[in-house]
file entry.cif (mmCIF, C-alpha atoms)
data_coords
loop_
_atom_site.label_atom_id
_atom_site.label_comp_id
_atom_site.auth_asym_id
_atom_site.auth_seq_id
_atom_site.Cartn_x
_atom_site.Cartn_y
_atom_site.Cartn_z
CA MET A 1 264.30 183.92 145.72
CA ILE A 2 267.12 185.21 143.51
CA ASN A 3 269.29 185.85 146.57
CA GLN A 4 268.57 182.35 147.91
CA ILE A 5 269.56 180.76 144.60
CA ASN A 6 272.74 182.84 144.39
CA GLU A 7 273.75 181.93 147.95
CA ALA A 8 273.14 178.21 147.39
CA THR A 9 275.02 178.33 144.09
CA GLU A 10 277.99 180.14 145.61
CA TYR A 11 278.14 177.67 148.51
CA LEU A 12 278.23 174.68 146.15
CA ARG A 13 280.93 176.23 143.99
CA LYS A 14 283.07 176.83 147.07
CA HIS A 15 282.64 173.16 147.98
CA GLY A 16 283.99 171.80 144.71
CA ILE A 17 280.94 171.70 142.44
CA LYS A 18 282.21 173.70 139.48
CA THR A 19 280.84 172.86 136.05
CA PRO A 20 277.88 170.44 136.11
CA GLU A 21 276.47 169.60 132.69
CA ILE A 22 273.65 167.17 133.48
CA GLY A 23 271.29 167.19 136.46
CA VAL A 24 269.62 164.05 137.81
CA ILE A 25 266.77 163.76 140.34
CA LEU A 26 266.51 160.30 141.90
CA GLY A 27 263.10 159.28 143.23
CA THR A 28 261.65 157.02 145.93
CA GLY A 29 263.65 153.82 146.43
CA LEU A 30 265.96 154.78 143.57
CA GLY A 31 269.48 156.14 143.35
CA ASN A 32 271.94 153.75 144.97
CA LYS A 33 272.93 151.99 141.76
CA PHE A 34 273.10 155.23 139.79
CA VAL A 35 275.24 156.87 142.46
CA GLU A 36 277.66 153.92 142.20
CA GLN A 37 278.27 154.97 138.58
CA ILE A 38 279.46 158.45 139.60
CA LYS A 39 283.26 158.72 139.71
CA ASN A 40 285.37 161.30 141.60
CA GLN A 41 282.47 162.15 143.86
CA VAL A 42 281.92 165.37 145.75
CA VAL A 43 279.10 164.85 148.27
CA VAL A 44 277.23 167.68 149.98
CA ASN A 45 274.40 167.09 152.46
CA TYR A 46 271.24 169.09 151.85
CA ASN A 47 271.20 170.31 155.45
CA SER A 48 274.46 172.19 154.89
CA ILE A 49 273.35 174.04 151.73
CA PRO A 50 271.84 177.50 152.32
CA HIS A 51 268.05 177.57 151.75
CA PHE A 52 267.81 173.89 150.72
CA PRO A 53 264.96 171.96 152.32
CA ILE A 54 265.76 168.75 154.18
CA SER A 55 264.42 165.37 153.03
CA THR A 56 262.01 164.15 155.71
CA VAL A 57 261.13 160.87 153.99
CA GLU A 58 263.27 158.01 155.29
CA PHE A 59 264.12 156.49 151.89
CA HIS A 60 265.34 159.80 150.44
CA LYS A 61 269.03 160.16 151.35
CA GLY A 62 269.26 163.97 151.24
CA LYS A 63 272.58 164.28 149.42
CA LEU A 64 273.79 166.23 146.41
CA ILE A 65 276.42 164.22 144.54
CA TYR A 66 278.72 165.68 141.88
CA GLY A 67 281.11 163.71 139.70
CA ASP A 68 281.81 162.03 136.38
CA VAL A 69 279.54 159.67 134.43
CA LYS A 70 280.65 158.60 130.95
CA GLY A 71 282.91 161.64 130.64
CA LYS A 72 280.19 164.11 131.64
CA LYS A 73 279.93 166.21 134.79
CA VAL A 74 276.78 165.13 136.60
CA LEU A 75 275.00 166.69 139.57
CA ALA A 76 272.59 164.21 141.17
CA MET A 77 269.98 164.70 143.86
CA GLN A 78 269.82 161.53 145.95
CA GLY A 79 266.41 162.24 147.39
CA ARG A 80 263.87 164.91 146.47
CA PHE A 81 261.26 167.03 148.23
CA HIS A 82 257.48 166.74 148.10
CA TYR A 83 254.58 169.10 148.64
CA TYR A 84 253.10 166.69 151.21
CA GLU A 85 256.14 167.22 153.43
CA GLY A 86 254.90 170.74 154.08
CA TYR A 87 257.29 172.61 151.82
CA SER A 88 256.17 175.29 149.39
CA MET A 89 256.39 174.62 145.67
CA GLN A 90 259.16 177.22 145.47
CA GLN A 91 261.19 175.32 148.09
CA ILE A 92 260.62 172.00 146.33
CA THR A 93 261.94 173.33 143.04
CA LEU A 94 264.78 175.55 144.30
CA PRO A 95 267.38 172.83 143.53
CA VAL A 96 266.30 172.78 139.86
CA ARG A 97 266.84 176.53 139.62
CA VAL A 98 270.23 176.15 141.31
CA MET A 99 271.21 173.42 138.84
CA LYS A 100 270.30 175.63 135.90
CA MET A 101 272.20 178.62 137.30
CA MET A 102 275.27 176.41 137.81
CA GLY A 103 275.29 175.44 134.14
CA VAL A 104 273.25 172.24 133.89
CA LYS A 105 272.04 171.78 130.29
CA GLN A 106 269.77 168.71 130.61
CA LEU A 107 267.73 167.29 133.48
CA LEU A 108 266.93 163.60 134.02
CA ILE A 109 264.17 162.76 136.51
CA SER A 110 262.96 159.50 138.03
CA ASN A 111 260.09 158.61 140.33
CA ALA A 112 258.09 155.74 141.75
CA ALA A 113 254.49 155.67 140.54
CA GLY A 114 251.32 153.64 140.78
CA ASN A 115 250.40 151.74 137.62
CA MET A 116 246.85 152.31 136.34
CA ASN A 117 247.33 150.83 132.87
CA LEU A 118 246.14 147.24 133.15
CA LYS A 119 248.24 146.24 130.11
CA TRP A 120 251.38 146.83 132.19
CA LYS A 121 252.74 145.29 135.38
CA LYS A 122 254.49 146.60 138.47
CA GLY A 123 258.27 146.54 138.16
CA GLU A 124 258.14 147.87 134.60
CA LEU A 125 259.28 151.33 133.53
CA MET A 126 257.25 154.14 131.95
CA LEU A 127 258.72 156.96 129.92
CA ILE A 128 256.65 160.06 130.67
CA GLU A 129 255.41 161.62 127.42
CA ASP A 130 253.01 164.09 129.04
CA HIS A 131 251.45 164.85 132.42
CA ILE A 132 248.32 166.03 134.18
CA ASN A 133 248.84 168.35 137.14
CA LEU A 134 246.29 167.94 139.95
CA GLN A 135 248.45 169.39 142.69
CA PRO A 136 246.88 172.41 144.43
CA ASP A 137 249.72 174.89 143.90
CA ASN A 138 252.21 175.85 141.21
CA PRO A 139 255.90 176.77 141.67
CA LEU A 140 255.45 179.56 139.11
CA ARG A 141 252.72 181.29 141.13
CA GLY A 142 253.75 184.70 142.45
CA PRO A 143 256.10 187.33 141.03
CA ASN A 144 257.81 186.28 137.80
CA TYR A 145 261.52 186.88 137.42
CA GLU A 146 262.34 187.44 133.74
CA ILE A 147 265.93 186.36 134.43
CA PHE A 148 264.55 182.82 134.79
CA GLY A 149 261.83 182.71 132.14
CA PRO A 150 258.57 184.15 130.81
CA ARG A 151 255.40 184.84 132.79
CA PHE A 152 253.44 182.30 130.74
CA PRO A 153 255.75 179.42 129.73
CA ASP A 154 254.62 177.11 126.93
CA MET A 155 253.94 173.48 127.90
CA SER A 156 253.14 171.96 124.50
CA GLN A 157 256.21 169.70 124.79
CA PRO A 158 257.16 169.55 128.49
CA TYR A 159 259.42 166.51 128.03
CA SER A 160 262.29 166.69 125.54
CA LYS A 161 261.37 164.75 122.39
CA LYS A 162 265.06 164.37 121.58
CA MET A 163 265.90 162.76 124.91
CA ASN A 164 262.73 160.65 124.88
CA ASP A 165 263.55 159.33 121.41
CA GLN A 166 267.07 158.50 122.55
CA LEU A 167 265.72 156.62 125.59
CA VAL A 168 263.37 154.58 123.40
CA LYS A 169 266.28 153.57 121.14
CA ILE A 170 268.50 152.71 124.12
CA ALA A 171 265.76 150.60 125.69
CA LYS A 172 265.24 148.71 122.43
CA THR A 173 268.97 148.04 122.07
CA LYS A 174 269.26 146.83 125.65
CA LYS A 175 265.97 144.90 125.47
CA ILE A 176 264.49 146.82 128.39
CA LYS A 177 260.72 147.19 128.32
CA LEU A 178 259.95 150.91 128.35
CA ASN A 179 256.26 151.78 128.26
CA LYS A 180 255.23 155.27 127.18
CA GLY A 181 252.42 157.13 128.92
CA VAL A 182 250.91 159.99 130.89
CA TYR A 183 251.77 160.74 134.52
CA VAL A 184 249.32 162.46 136.87
CA ALA A 185 250.63 164.32 139.91
CA VAL A 186 248.53 164.41 143.08
CA THR A 187 249.22 165.83 146.53
CA GLY A 188 249.56 162.70 148.71
CA PRO A 189 250.81 161.40 151.04
CA ASN A 190 247.94 158.91 151.09
CA LEU A 191 247.54 156.45 148.24
CA GLU A 192 244.35 156.63 146.20
CA THR A 193 240.90 155.10 146.65
CA ARG A 194 239.34 152.80 144.07
CA ALA A 195 237.11 155.62 142.83
CA GLU A 196 240.10 157.94 142.51
CA TYR A 197 242.05 155.39 140.46
CA ARG A 198 239.05 155.04 138.12
CA PHE A 199 238.78 158.81 137.76
CA LEU A 200 242.51 159.36 137.16
CA HIS A 201 242.66 156.66 134.50
CA GLN A 202 239.49 157.93 132.81
CA ILE A 203 240.94 161.43 132.44
CA GLY A 204 243.92 160.01 130.57
CA ALA A 205 246.60 159.03 133.09
CA ASP A 206 248.57 155.79 133.02
CA ALA A 207 250.53 156.30 136.23
CA VAL A 208 250.03 158.36 139.39
CA GLY A 209 252.56 159.89 141.76
CA MET A 210 253.26 162.76 144.13
CA SER A 211 256.28 164.47 142.55
CA THR A 212 258.06 165.35 139.28
CA VAL A 213 255.56 167.82 137.80
CA PRO A 214 256.74 170.81 139.92
CA GLU A 215 260.34 170.19 138.81
CA VAL A 216 259.24 169.84 135.19
CA LEU A 217 257.29 173.10 135.34
CA VAL A 218 260.33 174.97 136.62
CA ALA A 219 262.64 173.27 134.11
CA ASN A 220 260.38 174.36 131.26
CA HIS A 221 260.16 177.87 132.71
CA MET A 222 263.96 178.06 132.57
CA ALA A 223 264.27 176.42 129.12
CA LEU A 224 266.02 173.41 130.66
CA PRO A 225 265.29 170.28 128.57
CA CYS A 226 264.16 167.37 130.70
CA CYS A 227 262.99 163.77 130.56
CA ALA A 228 261.43 161.54 133.20
CA ILE A 229 260.96 157.83 133.83
CA SER A 230 258.55 156.29 136.33
CA VAL A 231 259.17 152.95 137.98
CA LEU A 232 255.73 151.34 138.24
CA THR A 233 255.80 150.08 141.80
CA ASP A 234 252.23 148.89 142.43
CA ASP A 235 249.24 147.82 140.33
CA CYS A 236 246.25 150.11 140.79
CA ASP A 237 243.36 148.05 139.46
CA PRO A 238 240.22 149.45 141.16
CA ASP A 239 238.30 146.21 140.61
CA ASN A 240 241.00 144.11 142.24
CA LEU A 241 242.69 146.58 144.55
CA LYS A 242 244.94 145.17 147.25
CA PRO A 243 246.48 147.13 150.13
CA ALA A 244 249.88 148.57 149.18
CA SER A 245 252.66 149.15 151.69
CA ILE A 246 255.43 151.70 151.24
CA ALA A 247 257.96 148.97 152.10
CA GLU A 248 256.75 146.91 149.15
CA ILE A 249 256.79 149.95 146.87
CA VAL A 250 260.40 150.71 147.82
CA ALA A 251 261.34 147.04 147.31
CA VAL A 252 259.85 146.96 143.80
CA ALA A 253 261.64 150.22 142.95
CA GLY A 254 264.91 148.71 144.16
CA LYS A 255 264.53 145.70 141.88
CA ALA A 256 263.86 147.89 138.84
CA GLU A 257 266.64 150.32 139.66
CA SER A 258 269.31 148.54 137.61
CA LYS A 259 267.24 148.93 134.41
CA LEU A 260 266.63 152.59 135.11
CA THR A 261 270.33 153.14 135.80
CA GLU A 262 271.28 151.47 132.51
CA LEU A 263 268.98 153.80 130.60
CA PHE A 264 270.16 156.96 132.33
CA VAL A 265 273.89 156.13 132.10
CA GLU A 266 273.63 155.33 128.39
CA LEU A 267 271.60 158.49 127.77
CA ILE A 268 274.25 160.56 129.53
CA ALA A 269 276.88 159.00 127.27
CA LYS A 270 274.90 159.99 124.17
CA ILE A 271 273.88 163.53 125.17
#
call {"tool": "encode", "arguments": {"input": "entry.cif", "output": "structure tokens"}}
result
Amino acid sequence: MINQINEATEYLRKHGIKTPEIGVILGTGLGNKFVEQIKNQVVVNYNSIPHFPISTVEFHKGKLIYGDVKGKKVLAMQGRFHYYEGYSMQQITLPVRVMKMMGVKQLLISNAAGNMNLKWKKGELMLIEDHINLQPDNPLRGPNYEIFGPRFPDMSQPYSKKMNDQLVKIAKTKKIKLNKGVYVAVTGPNLETRAEYRFLHQIGADAVGMSTVPEVLVANHMALPCCAISVLTDDCDPDNLKPASIAEIVAVAGKAESKLTELFVELIAKI
């Protein structure tokens, strides 16, 4: 794995990605408006980077974009990878390790998630304060490389309190509703049954999705501070559950994207 990371890192440096400070992972149906904020862009397709997986989901662009946002050097993933695509957890999280090795100091993550908190509505945002991992594998399983981090990383504060507090203040100033809650990660790709939504909410989750936690585990392993925001794209009320289509989920994410972009751009300015 170390050789793979070194080869990917060297390739990106040769293609103009020199000194990234902040990493960004853009989730399902998200990213176009944020990418528009990046100046002096260097764009590299995933399929040209050694050892990078390829995005197989149609609404994940599969591009690494480097440039300037509010005077900071940003490296953004326009499209991520998922366990349900058939990749290993190590493949899914390789880009996070590459970002860290290239010099990234903070990581901002977004995703689309199902809303299980009946006090909230689809189209709103949720700041992830904690998570529950129900995915069947872990990117830290296997040999541990001390160059990256310890064998048993602490997860008492997986999301940066400093960045979370900043996001709450920014949202208040901009009058953007930003709920705070717990995200649960499942395998997918199917959406959940009524009984599963009841179970997930009863164990303490407010939103459910199929990503983010693997990247957060690796970020914490490497002492890379991170924060994450979910766009709540569908209401998951088990007593009034309606069929959800991926097209509708992507559409809702697209409508909420401008609010998410505002929060991330302002956070980057303040970091």
call {"tool": "closest_residue", "arguments": {"input": "entry.cif", "among": "A:Asn40, A:Tyr66, A:His221, A:Ala253", "to": "Tyr145 (chain A)", "atoms": "all atoms listed in the file"}}
result
A:His221
call {"tool": "closest_residue", "arguments": {"input": "entry.cif", "among": "A:Thr93, A:Met101, A:Asn117, A:Tyr197", "to": "Lys18 (chain A)", "atoms": "all atoms listed in the file"}}
result
A:Met101
call {"tool": "closest_residue", "arguments": {"input": "entry.cif", "among": "A:Asn190, A:Asn179, A:Ser245, A:Gln157", "to": "Val231 (chain A)", "atoms": "only C-alpha atoms"}}
result
A:Asn179
call {"tool": "residues_around", "arguments": {"input": "entry.cif", "residues": "Tyr183 (chain A)", "least_positions_apart": "5", "cutoff": "9 Å", "atoms": "all atoms listed in the file", "output": "PyMOL selection string"}}
result
chain A and resi 113+126+128-133+204-209+213+230
call {"tool": "residues_around", "arguments": {"input": "entry.cif", "residues": "region 121-123 of chain A", "least_positions_apart": "3", "cutoff": "7 Å", "atoms": "only C-alpha atoms", "output": "list in words"}}
result
Asn115, Val231, Leu232, Thr233, Asp234, Asp235, Val252, Ala253 and Ala256 of chain A
call {"tool": "resolve_selection", "arguments": {"input": "entry.cif", "expression": "the PyMOL selection byres ((chain A and resi 82) around 9)", "output": "ChimeraX atom specification"}}
result
/A:55,80-81,83-89,92,187-188,210-212
call {"tool": "resolve_selection", "arguments": {"input": "entry.cif", "expression": "the PyMOL selection byres ((chain A and resi 105) around 8)", "output": "PyMOL selection string"}}
result
chain A and resi 21-23+100+103-104+106-107+224-225
call {"tool": "residues_around", "arguments": {"input": "entry.cif", "residues": "Lys174 (chain A)", "least_positions_apart": "4", "cutoff": "9 Å", "atoms": "only C-alpha atoms", "output": "PyMOL selection string"}}
result
chain A and resi 169-170+262-263
call {"tool": "resolve_selection", "arguments": {"input": "entry.cif", "expression": "the PyMOL selection byres ((chain A and resi 228) around 7)", "output": "number ranges by chain"}}
result
A: 108-110, 127-128, 226-227, 229-230
call {"tool": "closest_residue", "arguments": {"input": "entry.cif", "among": "A:Ile5, A:Leu125, A:Cys236, A:Leu75", "to": "Leu191 (chain A)", "atoms": "all atoms listed in the file"}}
result
A:Cys236
call {"tool": "residues_near_point", "arguments": {"input": "entry.cif", "point": "(267.9, 163.3, 153.7)", "cutoff": "12 Å", "atoms": "all atoms listed in the file", "output": "CSV table (one decimal) with C-alpha atoms, keeping the file's coordinate frame"}}
result
chain,number,residue,atom,x,y,z
A,28,THR,CA,261.6,157.0,145.9
A,44,VAL,CA,277.2,167.7,150.0
A,45,ASN,CA,274.4,167.1,152.5
A,46,TYR,CA,271.2,169.1,151.8
A,47,ASN,CA,271.2,170.3,155.4
A,48,SER,CA,274.5,172.2,154.9
A,52,PHE,CA,267.8,173.9,150.7
A,53,PRO,CA,265.0,172.0,152.3
A,54,ILE,CA,265.8,168.8,154.2
A,55,SER,CA,264.4,165.4,153.0
A,56,THR,CA,262.0,164.2,155.7
A,57,VAL,CA,261.1,160.9,154.0
A,58,GLU,CA,263.3,158.0,155.3
A,59,PHE,CA,264.1,156.5,151.9
A,60,HIS,CA,265.3,159.8,150.4
A,61,LYS,CA,269.0,160.2,151.4
A,62,GLY,CA,269.3,164.0,151.2
A,63,LYS,CA,272.6,164.3,149.4
A,64,LEU,CA,273.8,166.2,146.4
A,77,MET,CA,270.0,164.7,143.9
A,78,GLN,CA,269.8,161.5,146.0
A,79,GLY,CA,266.4,162.2,147.4
A,80,ARG,CA,263.9,164.9,146.5
A,81,PHE,CA,261.3,167.0,148.2
call {"tool": "closest_residue", "arguments": {"input": "entry.cif", "among": "A:Glu7, A:Glu257, A:Glu266, A:Glu36", "to": "Gln166 (chain A)", "atoms": "only C-alpha atoms"}}
result
A:Glu266
call {"tool": "atom_distance", "arguments": {"input": "entry.cif", "atom1": "CA of Gln4 (chain A)", "atom2": "CA of His51 (chain A)"}}
result
6.2 Å
call {"tool": "closest_residue", "arguments": {"input": "entry.cif", "among": "A:Ala219, A:Leu118, A:Ala76, A:Ala112", "to": "Pro153 (chain A)", "atoms": "only C-alpha atoms"}}
result
A:Ala219
call {"tool": "atom_distance", "arguments": {"input": "entry.cif", "atom1": "CA of Val69 (chain A)", "atom2": "CA of Lys259 (chain A)"}}
result
16.3 Å
call {"tool": "axis_aligned_box", "arguments": {"input": "entry.cif", "around": "region 119-138 of chain A", "padding_each_side": "8 Å", "output": "JSON"}}
result
{"center_x": 252.8, "center_y": 160.6, "center_z": 135.9, "size_x": 29.0, "size_y": 46.6, "size_z": 33.0}
call {"tool": "decode", "arguments": {"input": "entry.cif", "residues": "region 13-74 of chain A", "atoms": "C-alpha atoms", "output": "PDB file, in the first residue's frame"}}
result
ATOM      1  CA  ARG A  13       2.938  16.198  -8.225  1.00  0.00           C
ATOM      2  CA  LYS A  14       4.263  15.752 -11.754  1.00  0.00           C
ATOM      3  CA  HIS A  15       0.884  16.890 -13.076  1.00  0.00           C
ATOM      4  CA  GLY A  16       0.870  20.208 -11.246  1.00  0.00           C
ATOM      5  CA  ILE A  17      -0.636  19.354  -7.853  1.00  0.00           C
ATOM      6  CA  LYS A  18       2.049  20.709  -5.549  1.00  0.00           C
ATOM      7  CA  THR A  19       0.987  21.996  -2.145  1.00  0.00           C
ATOM      8  CA  PRO A  20      -2.650  21.203  -1.254  1.00  0.00           C
ATOM      9  CA  GLU A  21      -3.735  22.453   2.164  1.00  0.00           C
ATOM     10  CA  ILE A  22      -7.384  21.394   2.355  1.00  0.00           C
ATOM     11  CA  GLY A  23      -9.001  18.238   0.986  1.00  0.00           C
ATOM     12  CA  VAL A  24     -12.667  18.033  -0.005  1.00  0.00           C
ATOM     13  CA  ILE A  25     -14.756  14.940  -0.821  1.00  0.00           C
ATOM     14  CA  LEU A  26     -17.940  15.755  -2.733  1.00  0.00           C
ATOM     15  CA  GLY A  27     -20.803  13.282  -2.420  1.00  0.00           C
ATOM     16  CA  THR A  28     -23.768  12.071  -4.469  1.00  0.00           C
ATOM     17  CA  GLY A  29     -25.384  14.833  -6.533  1.00  0.00           C
ATOM     18  CA  LEU A  30     -22.997  17.388  -5.035  1.00  0.00           C
ATOM     19  CA  GLY A  31     -19.923  19.190  -6.271  1.00  0.00           C
ATOM     20  CA  ASN A  32     -20.733  21.263  -9.346  1.00  0.00           C
ATOM     21  CA  LYS A  33     -21.285  24.518  -7.464  1.00  0.00           C
ATOM     22  CA  PHE A  34     -18.287  23.961  -5.207  1.00  0.00           C
ATOM     23  CA  VAL A  35     -16.052  23.184  -8.174  1.00  0.00           C
ATOM     24  CA  GLU A  36     -17.142  26.502  -9.739  1.00  0.00           C
ATOM     25  CA  GLN A  37     -15.527  28.240  -6.751  1.00  0.00           C
ATOM     26  CA  ILE A  38     -12.111  26.715  -7.473  1.00  0.00           C
ATOM     27  CA  LYS A  39      -9.807  29.099  -9.359  1.00  0.00           C
ATOM     28  CA  ASN A  40      -6.732  28.207 -11.457  1.00  0.00           C
ATOM     29  CA  GLN A  41      -7.868  24.626 -11.782  1.00  0.00           C
ATOM     30  CA  VAL A  42      -5.711  21.601 -12.457  1.00  0.00           C
ATOM     31  CA  VAL A  43      -7.979  18.657 -13.327  1.00  0.00           C
ATOM     32  CA  VAL A  44      -6.851  15.023 -13.282  1.00  0.00           C
ATOM     33  CA  ASN A  45      -9.169  12.128 -14.130  1.00  0.00           C
ATOM     34  CA  TYR A  46      -9.174   9.260 -11.662  1.00  0.00           C
ATOM     35  CA  ASN A  47      -8.593   6.733 -14.442  1.00  0.00           C
ATOM     36  CA  SER A  48      -5.181   8.267 -15.164  1.00  0.00           C
ATOM     37  CA  ILE A  49      -3.903   8.175 -11.559  1.00  0.00           C
ATOM     38  CA  PRO A  50      -1.927   5.048 -10.603  1.00  0.00           C
ATOM     39  CA  HIS A  51      -3.887   2.734  -8.261  1.00  0.00           C
ATOM     40  CA  PHE A  52      -6.951   5.016  -8.039  1.00  0.00           C
ATOM     41  CA  PRO A  53     -10.291   3.250  -8.404  1.00  0.00           C
ATOM     42  CA  ILE A  54     -12.724   4.500 -11.040  1.00  0.00           C
ATOM     43  CA  SER A  55     -16.126   5.946 -10.111  1.00  0.00           C
ATOM     44  CA  THR A  56     -18.756   3.555 -11.465  1.00  0.00           C
ATOM     45  CA  VAL A  57     -21.773   5.549 -10.256  1.00  0.00           C
ATOM     46  CA  GLU A  58     -23.108   7.819 -12.997  1.00  0.00           C
ATOM     47  CA  PHE A  59     -23.525  10.945 -10.839  1.00  0.00           C
ATOM     48  CA  HIS A  60     -19.945  10.803  -9.518  1.00  0.00           C
ATOM     49  CA  LYS A  61     -17.728  12.650 -12.011  1.00  0.00           C
ATOM     50  CA  GLY A  62     -14.438  10.886 -11.242  1.00  0.00           C
ATOM     51  CA  LYS A  63     -12.155  13.923 -11.246  1.00  0.00           C
ATOM     52  CA  LEU A  64      -9.537  15.291  -8.878  1.00  0.00           C
ATOM     53  CA  ILE A  65      -9.551  19.095  -8.989  1.00  0.00           C
ATOM     54  CA  TYR A  66      -6.778  21.273  -7.549  1.00  0.00           C
ATOM     55  CA  GLY A  67      -6.853  25.047  -7.268  1.00  0.00           C
ATOM     56  CA  ASP A  68      -7.494  28.115  -5.142  1.00  0.00           C
ATOM     57  CA  VAL A  69     -10.476  28.808  -2.870  1.00  0.00           C
ATOM     58  CA  LYS A  70     -10.363  31.915  -0.682  1.00  0.00           C
ATOM     59  CA  GLY A  71      -6.575  32.030  -0.889  1.00  0.00           C
ATOM     60  CA  LYS A  72      -6.124  28.379   0.103  1.00  0.00           C
ATOM     61  CA  LYS A  73      -4.880  25.485  -2.017  1.00  0.00           C
ATOM     62  CA  VAL A  74      -7.708  22.970  -2.241  1.00  0.00           C
TER      63      VAL A  74
END
